[in-house]
Amino acid sequence: MEKCALVTGSSSGLGLEISKFLINSGYTVFGGSRSGTDLEHENFYDVELDLTSEDSVEEFFETVREFTSKLDLVVNNAGICEMAPLADTSLEQFELHLATNTVGPFLLFKNIEPFLIKNESHIISILSTAAKYGYPNVSAYNASKFGQLGFLESLKKEWKEHKIRFTNLFPGAIDTPLWDKMGTKFSRDKMLNASDFMSVFEFVVNAPSTIQFPELTFLHRDGFLE
Ligand SMILES: NC(=O)c1ccc[n+]([C@@H]2O[C@H](COP(=O)([O-])OP(=O)(O)OC[C@H]3O[C@@H](n4cnc5c(N)ncnc54)[C@H](OP(=O)(O)O)[C@@H]3O)[C@@H](O)[C@H]2O)c1
């Protein structure tokens with residue numbers, strides 16, 4: 001089998017674009033999401049995955065293991081974001097952000113270690129500027145992304161012996177379906193578009209295997225959304 005990639009959140013937005021790009025680049029792609037996608041290709045496996053469920057994550061990896069024992073590339077991308085002031089944020093919403101964006105990657109990476117290839121595998125995490133900077137009215141999202149970054153920083157050191165690459169991307173706002181549900185005042189003209197994001201992603205994926213990008217922050221020319 002050619003190079004294998006795993007992409008979480010492959011049903012929409014960045015994950016869908018990433019999956020298409022990787023298939024066109026010759027990868028066999030295992031995409032995970034709850035709703036799946038219409039994308040059809042002989043090198044694309046659309047596998048059900050709910051990152052908030054330990055059973056679902058384990059079943060996802062059982063399926064992947066039927067086809068491959070190695071992953072050259074892991075794209076830790078899936079995530080949710082809802083906007084609300086603290087007073088309107090329910091405990092359920094706060095916990096769902098942590099379950100999806102923080103505990104989800106924990107469950108994902110717990111299952112990934114046997115698939116890693118020494119000196120070879122590349123793990124790319126789509127974090128956000130919200131993993132490093134606070135924004136108003138997204139405390140649940142901010143907390144969950146800060147938490148995910150802390151988890152990854154620890155894992156990077158714990159897995160040093162594997163000599164794999166950890167790249168963390170910190171994009172600003174990108175015009176994807178994520179914003180459709182938020183009903184905010186922000187202008188889409190002040191956001192990156194998916195092809196802007198993909199130009200950075202392609203650069204990172206195609207960089208020589210001696211390079212990793214521990215912290216790559218990129219924004220729209222006009223700066224942070226305000
Ligand atoms: N758009 C932005 O402005 C922006 C900026 C910086 C960083 N990011 C980050 O980029 C990543 C992708 O976002 P996007 O803009 O592409 O959003 P999107 O279009 O809403 O896509 C989110 C993806 O995550 C998946 N997902 C959500 N909950 C899941 C769960 N419990 N289990 C498995 N998959 C789940 C969704 O699939 P299902 O619903 O089918 O499960 C979907 O495929 C996120 O981590 C986001 O935080 C986005």
# chains A, B, ... in the order shown; residues from 1 in each chain; ligands from 1
call {"tool": "residues_near_ligand", "arguments": {"ligand": "ligand 1", "cutoff": "8 Å", "atoms": "only C-alpha atoms and all ligand atoms", "output": "JSON, numbers by chain"}}
result
{"A": [8, 9, 10, 11, 12, 13, 14, 15, 16, 32, 33, 34, 35, 36, 37, 48, 49, 50, 51, 52, 53, 76, 77, 78, 79, 80, 81, 99, 100, 101, 104, 126, 127, 128, 129, 130, 141, 145, 170, 171, 172, 173, 174, 175, 176, 177, 178, 179, 191, 192]}
call {"tool": "residues_around", "arguments": {"residues": "Glu226 (chain A)", "least_positions_apart": "3", "cutoff": "12 Å", "atoms": "only C-alpha atoms", "output": "ChimeraX atom specification"}}
result
/A:135-137,172-173,184-187,190-191,222-223
call {"tool": "atom_distance", "arguments": {"atom1": "CA of Glu153 (chain A)", "atom2": "CA of Ser199 (chain A)"}}
result
25.2 Å
call {"tool": "closest_residue", "arguments": {"among": "A:Lys132, A:Gly31, A:Phe67, A:Arg221", "to": "Asn193 (chain A)", "atoms": "only C-alpha atoms"}}
result
A:Arg221
call {"tool": "closest_residue", "arguments": {"among": "A:Val29, A:Leu149, A:Ile23, A:Met182", "to": "Leu169 (chain A)", "atoms": "only C-alpha atoms"}}
result
A:Leu149
call {"tool": "select_by_dssp", "arguments": {"residues": "region 32-219 of chain A", "states": "alpha helix (DSSP H)", "output": "MDAnalysis selection string"}}
result
chainID A and resid 54:67 91:98 104:112 139:158 194:206
call {"tool": "select_by_dssp", "arguments": {"residues": "region 63-134 of chain A", "states": "strand (DSSP E)", "output": "number ranges by chain"}}
result
A: 73-76, 122-126
call {"tool": "atom_distance", "arguments": {"atom1": "CA of Val7 (chain A)", "atom2": "CA of Glu54 (chain A)"}}
result
17.5 Å
call {"tool": "atom_distance", "arguments": {"atom1": "CA of Phe115 (chain A)", "atom2": "CA of His162 (chain A)"}}
result
11.1 Å
call {"tool": "closest_residue", "arguments": {"among": "A:Lys156, A:Lys3, A:His41, A:Lys110", "to": "Ile123 (chain A)", "atoms": "only C-alpha atoms"}}
result
A:Lys156
call {"tool": "closest_residue", "arguments": {"among": "A:Ile124, A:Ile18, A:Cys4, A:Val57", "to": "Phe197 (chain A)", "atoms": "only C-alpha atoms"}}
result
A:Ile18
call {"tool": "residues_around", "arguments": {"residues": "Glu40 (chain A)", "least_positions_apart": "5", "cutoff": "10 Å", "atoms": "only C-alpha atoms", "output": "ChimeraX atom specification"}}
result
/A:20,45-46
call {"tool": "closest_residue", "arguments": {"among": "A:Gln148, A:Phe30, A:Leu96, A:Gly134", "to": "Phe224 (chain A)", "atoms": "only C-alpha atoms"}}
result
A:Gly134
call {"tool": "closest_residue", "arguments": {"among": "A:Asp72, A:Glu161, A:Glu59, A:Glu66", "to": "Leu108 (chain A)", "atoms": "only C-alpha atoms"}}
result
A:Glu59
